[in-house]
$ cat coords_24.tsv   # TSV, C-alpha atoms and all ligand atoms
chain	number	residue	atom	x	y	z
M	14	MET	CA	2.72	23.47	-0.30
M	15	THR	CA	3.11	20.60	-2.70
M	16	GLU	CA	4.87	17.46	-1.56
M	17	ARG	CA	8.12	16.11	-2.91
M	18	LEU	CA	7.45	12.74	-4.52
M	19	TYR	CA	9.94	9.96	-5.22
M	20	ILE	CA	8.81	7.13	-7.46
M	21	VAL	CA	10.96	4.11	-6.51
M	22	VAL	CA	11.49	1.42	-9.14
M	23	PRO	CA	13.55	-1.72	-8.46
M	24	CYS	CA	15.26	-3.02	-11.62
M	25	TYR	CA	16.93	-6.35	-12.26
M	26	ASN	CA	18.21	-6.93	-15.80
M	27	GLU	CA	15.70	-4.48	-17.21
M	28	GLU	CA	17.72	-2.89	-20.04
M	29	GLU	CA	15.00	-3.81	-22.52
M	30	VAL	CA	12.24	-1.94	-20.72
M	31	LEU	CA	14.13	0.82	-18.93
M	32	PRO	CA	14.34	3.45	-21.70
M	33	GLU	CA	10.61	3.20	-22.33
M	34	THR	CA	9.80	3.11	-18.61
M	35	ALA	CA	11.94	6.19	-18.02
M	36	ALA	CA	10.25	8.03	-20.89
M	37	ARG	CA	6.77	7.26	-19.58
M	38	LEU	CA	7.55	7.96	-15.93
M	39	GLY	CA	9.40	11.15	-16.92
M	40	ALA	CA	6.38	12.40	-18.87
M	41	LYS	CA	4.10	11.48	-15.99
M	42	MET	CA	6.26	13.29	-13.47
M	43	ARG	CA	6.51	16.44	-15.60
M	44	ALA	CA	2.73	16.48	-15.99
M	45	LEU	CA	2.32	16.15	-12.22
M	46	VAL	CA	4.78	18.98	-11.60
M	47	GLU	CA	3.11	21.23	-14.18
M	48	GLY	CA	-0.29	20.48	-12.70
M	49	GLY	CA	1.03	21.57	-9.32
M	50	ARG	CA	0.36	18.12	-7.85
M	51	VAL	CA	3.91	17.47	-6.68
M	52	ALA	CA	6.96	19.61	-5.90
M	53	PRO	CA	9.24	20.55	-8.85
M	54	ASP	CA	12.21	18.68	-7.33
M	55	SER	CA	10.39	15.35	-7.31
M	56	ARG	CA	12.30	12.36	-8.65
M	57	VAL	CA	12.06	8.99	-10.30
M	58	CYS	CA	14.56	6.76	-8.50
M	59	PHE	CA	15.69	3.53	-10.16
M	60	VAL	CA	17.27	0.91	-7.91
M	61	ASN	CA	19.69	-1.36	-9.72
M	62	ASP	CA	19.49	-4.74	-8.01
M	63	GLY	CA	22.88	-6.09	-9.13
M	64	SER	CA	21.83	-6.47	-12.77
M	65	LYS	CA	24.13	-8.40	-15.07
M	66	ASP	CA	23.18	-6.38	-18.15
M	67	GLY	CA	23.49	-2.69	-18.94
M	68	THR	CA	20.78	-1.54	-16.53
M	69	TRP	CA	23.06	0.57	-14.32
M	70	GLY	CA	24.67	2.20	-17.37
M	71	ILE	CA	21.24	3.28	-18.57
M	72	ILE	CA	20.33	4.66	-15.13
M	73	ARG	CA	23.60	6.63	-14.98
M	74	ARG	CA	22.99	8.08	-18.42
M	75	LEU	CA	19.41	9.04	-17.54
M	76	HIS	CA	20.66	10.79	-14.42
M	77	GLU	CA	23.31	12.70	-16.35
M	78	GLU	CA	20.82	13.85	-18.97
M	79	ASP	CA	18.04	14.83	-16.61
M	80	PRO	CA	18.15	15.51	-12.85
M	81	LEU	CA	14.59	14.19	-12.66
M	82	PHE	CA	16.09	10.70	-12.61
M	83	SER	CA	18.12	9.44	-9.70
M	84	GLY	CA	19.63	6.05	-9.09
M	85	VAL	CA	20.66	3.67	-6.33
M	86	ASN	CA	23.15	0.93	-7.15
M	87	LEU	CA	23.17	-2.09	-4.83
M	88	SER	CA	26.40	-3.96	-4.24
M	89	ARG	CA	24.86	-7.16	-5.66
M	90	ASN	CA	21.56	-8.83	-6.45
M	91	ARG	CA	19.44	-8.99	-3.28
M	92	GLY	CA	16.00	-9.73	-4.72
M	93	HIS	CA	12.98	-7.56	-5.39
M	94	GLN	CA	11.90	-6.99	-1.77
M	95	ASN	CA	15.35	-5.97	-0.54
M	96	ALA	CA	15.92	-3.75	-3.55
M	97	LEU	CA	12.62	-2.00	-2.99
M	98	LEU	CA	13.35	-1.48	0.70
M	99	ALA	CA	16.84	-0.20	-0.13
M	100	GLY	CA	15.33	2.38	-2.49
M	101	LEU	CA	12.65	3.49	-0.04
M	102	MET	CA	15.06	3.79	2.89
M	103	THR	CA	17.62	5.68	0.81
M	104	VAL	CA	15.18	8.34	-0.38
M	105	LYS	CA	12.94	8.57	2.67
M	106	ASP	CA	14.69	11.54	4.26
M	107	ARG	CA	14.68	13.49	1.02
M	108	CYS	CA	11.00	13.37	0.22
M	109	ASP	CA	7.51	13.68	1.65
M	110	VAL	CA	5.96	10.77	-0.13
M	111	THR	CA	7.03	7.73	-2.21
M	112	ILE	CA	5.31	5.50	-4.72
M	113	SER	CA	6.83	2.11	-5.49
M	114	MET	CA	6.23	0.24	-8.73
M	115	ASP	CA	7.81	-2.38	-11.01
M	116	ALA	CA	10.10	-1.49	-13.88
M	117	ASP	CA	7.97	-3.26	-16.48
M	118	LEU	CA	5.04	-0.85	-15.99
M	119	GLN	CA	2.54	-3.68	-15.61
M	120	ASP	CA	1.02	-1.40	-13.02
M	121	ASP	CA	-0.98	1.33	-14.72
M	122	ILE	CA	0.94	4.54	-13.98
M	123	ASP	CA	-2.20	6.64	-14.28
M	124	ALA	CA	-3.25	5.24	-10.90
M	125	VAL	CA	-0.58	7.57	-9.49
M	126	ASP	CA	-3.03	10.49	-9.81
M	127	ALA	CA	-5.67	8.67	-7.79
M	128	MET	CA	-3.04	7.74	-5.18
M	129	LEU	CA	-1.96	11.36	-4.83
M	130	GLU	CA	-5.58	12.41	-4.45
M	131	LYS	CA	-5.93	9.98	-1.56
M	132	ARG	CA	-2.71	11.37	-0.15
M	133	ALA	CA	-4.17	14.89	-0.33
M	134	GLU	CA	-7.15	13.60	1.66
M	135	GLY	CA	-4.68	12.73	4.41
M	136	PHE	CA	-3.92	9.03	3.94
M	137	ASP	CA	-0.40	7.82	4.74
M	138	ILE	CA	-0.53	4.57	2.81
M	139	VAL	CA	-2.40	3.98	-0.43
M	140	TYR	CA	-2.48	0.44	-1.80
M	141	GLY	CA	-2.69	-0.13	-5.53
M	142	VAL	CA	-5.18	-2.96	-5.96
M	143	ARG	CA	-5.70	-4.85	-9.21
M	144	SER	CA	-9.31	-4.63	-10.24
M	145	ASP	CA	-9.10	-7.75	-12.40
M	146	ARG	CA	-6.59	-10.40	-13.29
M	147	GLY	CA	-7.56	-10.65	-16.93
M	148	THR	CA	-3.97	-10.81	-18.17
M	149	ASP	CA	-3.04	-13.67	-15.85
M	150	THR	CA	-3.32	-17.36	-16.61
M	151	ALA	CA	-6.17	-19.22	-14.92
M	152	PHE	CA	-3.54	-21.10	-12.91
M	153	LYS	CA	-1.97	-17.91	-11.52
M	154	ARG	CA	-5.40	-16.44	-10.80
M	155	SER	CA	-6.68	-19.40	-8.81
M	156	THR	CA	-3.42	-20.03	-6.92
M	157	ALA	CA	-3.22	-16.34	-6.00
M	158	LEU	CA	-6.77	-16.35	-4.66
M	159	ALA	CA	-6.13	-19.52	-2.64
M	160	TYR	CA	-2.92	-18.00	-1.32
M	161	TYR	CA	-4.56	-14.79	-0.08
M	162	ARG	CA	-7.25	-16.87	1.67
M	163	PHE	CA	-4.58	-19.09	3.21
M	164	LEU	CA	-2.63	-16.06	4.48
M	165	ALA	CA	-5.78	-14.61	6.01
M	166	LYS	CA	-6.51	-17.95	7.78
M	167	LEU	CA	-3.00	-17.90	9.23
M	168	GLY	CA	-3.60	-14.47	10.64
M	169	VAL	CA	-1.37	-12.58	8.20
M	170	GLU	CA	-3.01	-9.32	7.32
M	171	SER	CA	-2.54	-8.49	3.66
M	172	VAL	CA	-4.46	-6.49	1.10
M	173	TYR	CA	-6.19	-8.69	-1.45
M	174	ASN	CA	-4.78	-8.36	-4.98
M	175	HIS	CA	-2.22	-5.81	-3.91
M	176	ALA	CA	1.39	-6.29	-4.95
M	177	ASP	CA	4.08	-3.71	-4.28
M	178	TYR	CA	2.46	-0.80	-6.08
M	179	ARG	CA	1.79	1.59	-3.23
M	180	LEU	CA	2.13	5.09	-1.94
M	181	MET	CA	3.77	5.65	1.44
M	182	SER	CA	4.25	8.90	3.29
M	183	ARG	CA	7.48	9.74	5.03
M	184	ARG	CA	5.87	9.04	8.38
M	185	ALA	CA	4.85	5.55	7.21
M	186	LEU	CA	8.39	4.94	5.90
M	187	ASP	CA	9.85	5.98	9.24
M	188	GLY	CA	7.53	3.41	10.77
M	189	LEU	CA	8.64	0.75	8.30
M	190	ALA	CA	12.28	1.56	9.11
M	191	GLU	CA	11.62	0.38	12.67
M	192	PHE	CA	10.93	-3.13	11.39
M	193	LYS	CA	14.38	-4.67	11.46
M	194	GLU	CA	13.56	-8.10	10.08
M	195	VAL	CA	15.77	-9.66	7.46
M	196	ASN	CA	13.11	-11.94	5.95
M	197	LEU	CA	11.13	-9.42	3.99
M	198	PHE	CA	7.53	-9.70	2.83
M	199	LEU	CA	6.69	-6.03	2.46
M	200	ARG	CA	3.04	-6.44	1.57
M	201	GLY	CA	2.52	-8.18	4.91
M	202	MET	CA	4.69	-5.71	6.86
M	203	VAL	CA	3.20	-2.46	5.60
M	204	PRO	CA	-0.27	-3.16	7.10
M	205	LEU	CA	1.51	-3.66	10.45
M	206	VAL	CA	2.85	-0.10	10.23
M	207	GLY	CA	-0.69	1.19	10.54
M	208	TYR	CA	-1.66	4.87	9.97
M	209	PRO	CA	-4.67	5.84	7.86
M	210	SER	CA	-4.66	3.83	4.64
M	211	ALA	CA	-6.76	3.62	1.51
M	212	SER	CA	-6.87	1.64	-1.74
M	213	VAL	CA	-6.95	2.61	-5.37
M	214	GLU	CA	-7.99	0.21	-8.14
M	215	TYR	CA	-6.15	-0.23	-11.41
M	216	VAL	CA	-5.93	-2.69	-14.28
M	217	ARG	CA	-2.70	-4.62	-14.53
M	218	GLY	CA	-1.35	-5.06	-18.03
M	219	GLU	CA	1.27	-7.29	-19.61
M	220	ARG	CA	5.00	-6.72	-19.28
M	221	PHE	CA	5.75	-4.79	-22.48
M	222	ALA	CA	9.27	-6.14	-23.05
M	223	GLY	CA	11.71	-8.58	-21.54
M	224	GLU	CA	10.85	-11.60	-19.43
M	225	SER	CA	9.44	-11.96	-15.95
M	226	LYS	CA	12.18	-11.92	-13.33
M	227	TYR	CA	9.89	-14.04	-11.14
M	228	PRO	CA	9.92	-17.60	-12.45
M	229	PHE	CA	7.65	-20.12	-10.71
M	230	SER	CA	10.41	-21.23	-8.33
M	231	LYS	CA	11.00	-17.67	-7.04
M	232	MET	CA	7.24	-17.12	-6.82
M	233	PHE	CA	6.87	-20.27	-4.72
M	234	ALA	CA	9.75	-19.30	-2.43
M	235	PHE	CA	8.17	-15.87	-2.02
M	236	ALA	CA	4.83	-17.45	-1.10
M	237	ILE	CA	6.52	-19.57	1.60
M	238	GLU	CA	8.34	-16.46	2.82
M	239	GLY	CA	5.00	-14.70	3.24
M	240	VAL	CA	3.72	-17.43	5.53
M	241	THR	CA	6.81	-18.22	7.55
M	242	SER	CA	8.03	-14.70	8.12
M	243	LEU	CA	4.67	-13.44	9.38
M	244	SER	CA	2.90	-16.35	11.03
M	245	VAL	CA	3.79	-19.02	13.57
M	246	LYS	CA	0.53	-20.91	13.05
M	247	PRO	CA	2.07	-23.70	10.92
M	248	ILE	CA	4.29	-24.64	13.88
M	249	ARG	CA	1.28	-24.74	16.20
M	250	PHE	CA	-0.66	-26.79	13.68
M	251	ILE	CA	2.15	-29.34	13.54
M	252	THR	CA	2.28	-29.51	17.34
M	253	ASN	CA	-1.47	-30.10	17.57
M	254	LEU	CA	-1.29	-32.72	14.83
M	255	GLY	CA	1.49	-34.48	16.73
M	256	VAL	CA	-0.62	-34.58	19.90
M	257	ALA	CA	-3.65	-35.92	18.01
M	258	ILE	CA	-1.65	-38.66	16.32
M	259	PHE	CA	-0.07	-39.64	19.62
M	260	VAL	CA	-3.51	-40.01	21.23
M	261	VAL	CA	-4.70	-42.16	18.31
M	262	ALA	CA	-1.59	-44.33	18.67
M	263	ILE	CA	-2.25	-44.86	22.41
M	264	ILE	CA	-5.87	-45.88	21.73
M	265	ALA	CA	-4.71	-48.26	19.00
M	266	ALA	CA	-2.12	-49.78	21.33
M	267	ILE	CA	-4.81	-50.42	23.99
M	268	CYS	CA	-7.00	-52.08	21.34
M	269	PHE	CA	-4.13	-54.33	20.27
M	270	VAL	CA	-3.44	-55.40	23.85
M	271	VAL	CA	-7.13	-56.20	24.38
M	272	GLN	CA	-7.21	-58.17	21.13
M	273	TYR	CA	-4.12	-60.11	22.22
M	274	PHE	CA	-5.81	-61.23	25.42
M	275	ILE	CA	-9.06	-62.12	23.61
M	276	GLY	CA	-6.93	-64.26	21.34
M	277	VAL	CA	-7.60	-62.56	18.04
M	278	THR	CA	-4.30	-62.42	16.22
M	279	VAL	CA	-4.02	-59.65	13.72
M	280	PRO	CA	-2.32	-60.50	10.44
M	281	GLY	CA	-2.03	-56.71	9.87
M	282	TRP	CA	1.26	-56.48	8.08
M	283	ALA	CA	-0.09	-54.02	5.55
M	284	SER	CA	-1.60	-51.69	8.11
M	285	MET	CA	1.68	-51.63	9.96
M	286	ILE	CA	3.72	-50.70	6.94
M	287	VAL	CA	1.18	-48.04	6.02
M	288	SER	CA	1.29	-46.50	9.45
M	289	ILE	CA	5.07	-46.50	9.50
M	290	TRP	CA	5.17	-44.65	6.21
M	291	ALA	CA	2.41	-42.25	7.20
M	292	LEU	CA	4.11	-41.37	10.46
M	293	GLY	CA	7.51	-41.12	8.80
M	294	GLY	CA	6.04	-38.69	6.31
M	295	LEU	CA	4.39	-36.60	8.97
M	296	GLN	CA	7.57	-36.45	10.97
M	297	LEU	CA	9.57	-35.33	7.99
M	298	LEU	CA	6.97	-32.66	7.28
M	299	ALA	CA	7.07	-31.49	10.87
M	300	ILE	CA	10.84	-31.37	10.93
M	301	GLY	CA	10.77	-29.44	7.68
M	302	VAL	CA	8.40	-26.83	9.03
M	303	ILE	CA	10.38	-26.44	12.23
M	304	GLY	CA	13.60	-26.27	10.25
M	305	GLU	CA	12.11	-23.48	8.17
M	306	TYR	CA	11.54	-21.37	11.27
M	307	ILE	CA	14.89	-22.22	12.80
M	308	GLY	CA	16.51	-21.16	9.55
M	309	LYS	CA	14.66	-17.86	9.84
M	310	ILE	CA	15.83	-17.40	13.43
M	311	TYR	CA	19.37	-18.12	12.32
M	312	LEU	CA	19.19	-15.44	9.64
M	313	GLU	CA	17.57	-12.93	11.97
M	314	THR	CA	20.13	-13.43	14.74
M	315	LYS	CA	22.95	-12.87	12.31
M	316	ALA	CA	21.31	-9.53	11.52
M	317	ARG	CA	23.09	-9.25	8.23
M	318	PRO	CA	22.51	-6.04	6.31
M	319	ARG	CA	19.49	-6.36	4.05
M	320	TYR	CA	21.32	-4.55	1.27
M	321	LEU	CA	24.47	-2.50	0.70
M	322	ILE	CA	24.50	0.58	-1.46
M	323	GLN	CA	27.39	1.06	-3.84
M	324	ASP	CA	26.35	4.37	-5.47
M	325	PHE	CA	23.60	6.92	-5.00
M	326	LEU	CA	23.00	9.44	-7.76
M	327	ASP	CA	20.68	12.26	-6.81
M	328	ARG	CA	21.01	15.96	-7.49
M	329	GLU	CA	19.84	18.58	-5.03
M	330	GLY	CA	17.20	21.08	-6.08
Y	401	LIG	N1	13.32	-7.45	-9.51
Y	401	LIG	C1	14.41	-7.07	-8.72
Y	401	LIG	N2	15.27	-8.05	-8.27
Y	401	LIG	C2	15.09	-9.38	-8.56
Y	401	LIG	C3	13.94	-9.75	-9.34
Y	401	LIG	C4	13.08	-8.76	-9.79
Y	401	LIG	O1	14.61	-5.88	-8.43
Y	401	LIG	O2	15.91	-10.20	-8.14
Y	401	LIG	C5	12.39	-6.39	-9.99
Y	401	LIG	C6	12.13	-6.38	-11.49
Y	401	LIG	O3	13.13	-5.67	-12.18
Y	401	LIG	C7	10.77	-5.72	-11.57
Y	401	LIG	C8	10.09	-6.17	-10.29
Y	401	LIG	O4	11.13	-6.62	-9.42
Y	401	LIG	O5	10.86	-4.29	-11.54
Y	401	LIG	C9	9.05	-7.25	-10.52
Y	401	LIG	O6	9.60	-8.28	-11.31
Y	401	LIG	P1	8.81	-8.93	-12.55
Y	401	LIG	O7	8.06	-7.88	-13.29
Y	401	LIG	O8	9.80	-9.72	-13.33
Y	401	LIG	O9	7.81	-9.90	-11.78
Y	401	LIG	P2	6.32	-10.33	-12.24
Y	401	LIG	O10	5.61	-9.07	-12.62
Y	401	LIG	O11	6.50	-11.25	-13.40
Y	401	LIG	O12	5.74	-10.99	-11.02
Y	402	MG	MG	6.19	-7.74	-13.90

$ encode --input "coords_24.tsv" --output "structure tokens" --more "lines below"
Ligand code: UDP
Ligand code: MG
Amino acid sequence: MTERLYIVVPCYNEEEVLPETAARLGAKMRALVEGGRVAPDSRVCFVNDGSKDGTWGIIRRLHEEDPLFSGVNLSRNRGHQNALLAGLMTVKDRCDVTISMDADLQDDIDAVDAMLEKRAEGFDIVYGVRSDRGTDTAFKRSTALAYYRFLAKLGVESVYNHADYRLMSRRALDGLAEFKEVNLFLRGMVPLVGYPSASVEYVRGERFAGESKYPFSKMFAFAIEGVTSLSVKPIRFITNLGVAIFVVAIIAAICFVVQYFIGVTVPGWASMIVSIWALGGLQLLAIGVIGEYIGKIYLETKARPRYLIQDFLDREG
């Protein structure tokens, strides 16, 4: 028996790309159904992440014209990760397998076939991995590489060059549903779910219309999220640094006392100022890191909903 597939696509202000995306994904889905690769009642589900433009109107129209398209409307903008999770959790009990991808089709949709092949071989999670970063700037390429290395050093397991283009079976989604955290970094959480997983390579293209919804500031915040929501090593590092500096200070103090008794007076005004500033800086850094985690704890204890769904359009059969 063929499996029922839901392709989940988070959309934020995507009215420029959505008609084209829907046309391409619709054609893809029909080809998959005709080829007997997926069940005939498979769907493309667009998640409207509180867009300010006509995105939801387009999704509603698509759904009215063709039951192949379904839609989830969030109560407000919650960000890419929350929108994606909202979509996956909403459809998980209606399907056997999901594939998540971005609305701008930067991810090559032909990789879907390879993902489904892996699924047929029995894998629960299939990661879409970019085979090259040719369309990225040198800056983005090198910072991304450094970031993946940094994450690995901190003990965060993530798949190199994998964004949120991935296939997940229902069983894997049920597993993901058990992770109740509010601070989401899905590409670090999914490996924690486990189950047999595989990777599929694809070439990532350019966004074909509209602008990136991830400016540098959001990208940076997301990078910090990845570290602080999955690793406590920065806190330990700060603690160890504090101990080391304290030991150095004690040794220095002993030296100064000895010098005082020998009668060597130290003019060291400069060194004093420097050390005050250095320590002040370190302390601020340490407080910042700790504050970051305390902020996370605060958010987690409040256990606010990660998203609220306003409408769900999906036809049976
Ligand atoms: N997105 C979203 N909510 C947001 C920001 C982005 O749902 O607050 C969606 C967006 O519509 C797209 C995906 O997340 O489908 C990735 O965004 P984008 O392509 O702008 O990021 P980039 O590819 O530039 O990193
Ligand atoms: Mg994009």

$ residues_around --input "coords_24.tsv" --residues "M:Ala99" --least-positions-apart "5" --cutoff "9 Å" --atoms "all atoms listed in the file" --output "NGL selection string"
:M and (60 or 85 or 87 or 94 or 104 or 319-322)

$ closest_residue --input "coords_24.tsv" --among "M:Glu219, M:Val125, M:Leu205, M:Ser244" --to "M:Lys166" --atoms "only C-alpha atoms"
M:Ser244

$ residues_near_ligand --input "coords_24.tsv" --ligand "ligand MG 402 (chain Y)" --cutoff "7 Å" --atoms "all atoms listed in the file" --output "PyMOL selection string"
chain M and resi 115+117+119+220+225

$ residues_around --input "coords_24.tsv" --residues "stretch 234-242 of chain M" --least-positions-apart "4" --cutoff "7 Å" --atoms "all atoms listed in the file" --output "list of chain:residue names"
M:Leu164, M:Asn196, M:Phe198, M:Ser230, M:Tyr306

$ residues_near_point --input "coords_24.tsv" --point "(16.2, -13.2, 10.0)" --cutoff "6 Å" --atoms "all atoms listed in the file" --output "ChimeraX atom specification"
/M:194-196,309-310,312-313

$ residues_near_ligand --input "coords_24.tsv" --ligand "ligand LIG 401 (chain Y)" --cutoff "6 Å" --atoms "all atoms listed in the file" --output "list in words"
Pro23, Cys24, Tyr25, Glu27, Asp62, Gly92, His93, Ala96, Asp115, Ala116, Asp117, Ser225, Lys226 and Tyr227 of chain M

$ residues_around --input "coords_24.tsv" --residues "M:Val206" --least-positions-apart "4" --cutoff "8 Å" --atoms "only C-alpha atoms" --output "list in words"
Ala185, Gly188, Leu189 and Met202 of chain M

$ atom_distance --input "coords_24.tsv" --atom1 "atom CA of M:Ile112" --atom2 "atom CA of M:Ser83"
14.3 Å

$ residues_near_point --input "coords_24.tsv" --point "(5.2, -2.9, -24.3)" --cutoff "12 Å" --atoms "all atoms listed in the file" --output "list in words"
Glu29, Val30, Leu31, Pro32, Glu33, Thr34, Arg37, Ala116, Asp117, Leu118, Gln119, Gly218, Glu219, Arg220, Phe221, Ala222, Gly223 and Glu224 of chain M

$ closest_residue --input "coords_24.tsv" --among "M:Val110, M:Lys65, M:Glu77, M:Ala36" --to "M:Ala52" --atoms "all atoms listed in the file"
M:Val110

$ atom_distance --input "coords_24.tsv" --atom1 "atom CA of M:Trp69" --atom2 "atom CA of M:His175"
28.1 Å

$ residues_around --input "coords_24.tsv" --residues "M:Ile72" --least-positions-apart "5" --cutoff "8 Å" --atoms "only C-alpha atoms" --output "mmCIF file with C-alpha atoms, in the coordinates of the input"
data_model
loop_
_atom_site.group_PDB
_atom_site.id
_atom_site.type_symbol
_atom_site.label_atom_id
_atom_site.label_comp_id
_atom_site.auth_asym_id
_atom_site.auth_seq_id
_atom_site.Cartn_x
_atom_site.Cartn_y
_atom_site.Cartn_z
ATOM 1 C CA PHE M 59 15.690 3.530 -10.160
ATOM 2 C CA PHE M 82 16.090 10.700 -12.610
ATOM 3 C CA SER M 83 18.120 9.440 -9.700
ATOM 4 C CA GLY M 84 19.630 6.050 -9.090
#

$ atom_distance --input "coords_24.tsv" --atom1 "atom CA of M:Arg183" --atom2 "atom CA of M:Asp106"
7.5 Å

$ residues_around --input "coords_24.tsv" --residues "M:Arg107" --least-positions-apart "2" --cutoff "9 Å" --atoms "all atoms listed in the file" --output "list in words"
Arg17, Tyr19, Thr103, Val104, Lys105 and Asp109 of chain M

$ closest_residue --input "coords_24.tsv" --among "M:Phe192, M:Asp120, M:Val256, M:Leu167" --to "M:Glu214" --atoms "all atoms listed in the file"
M:Asp120
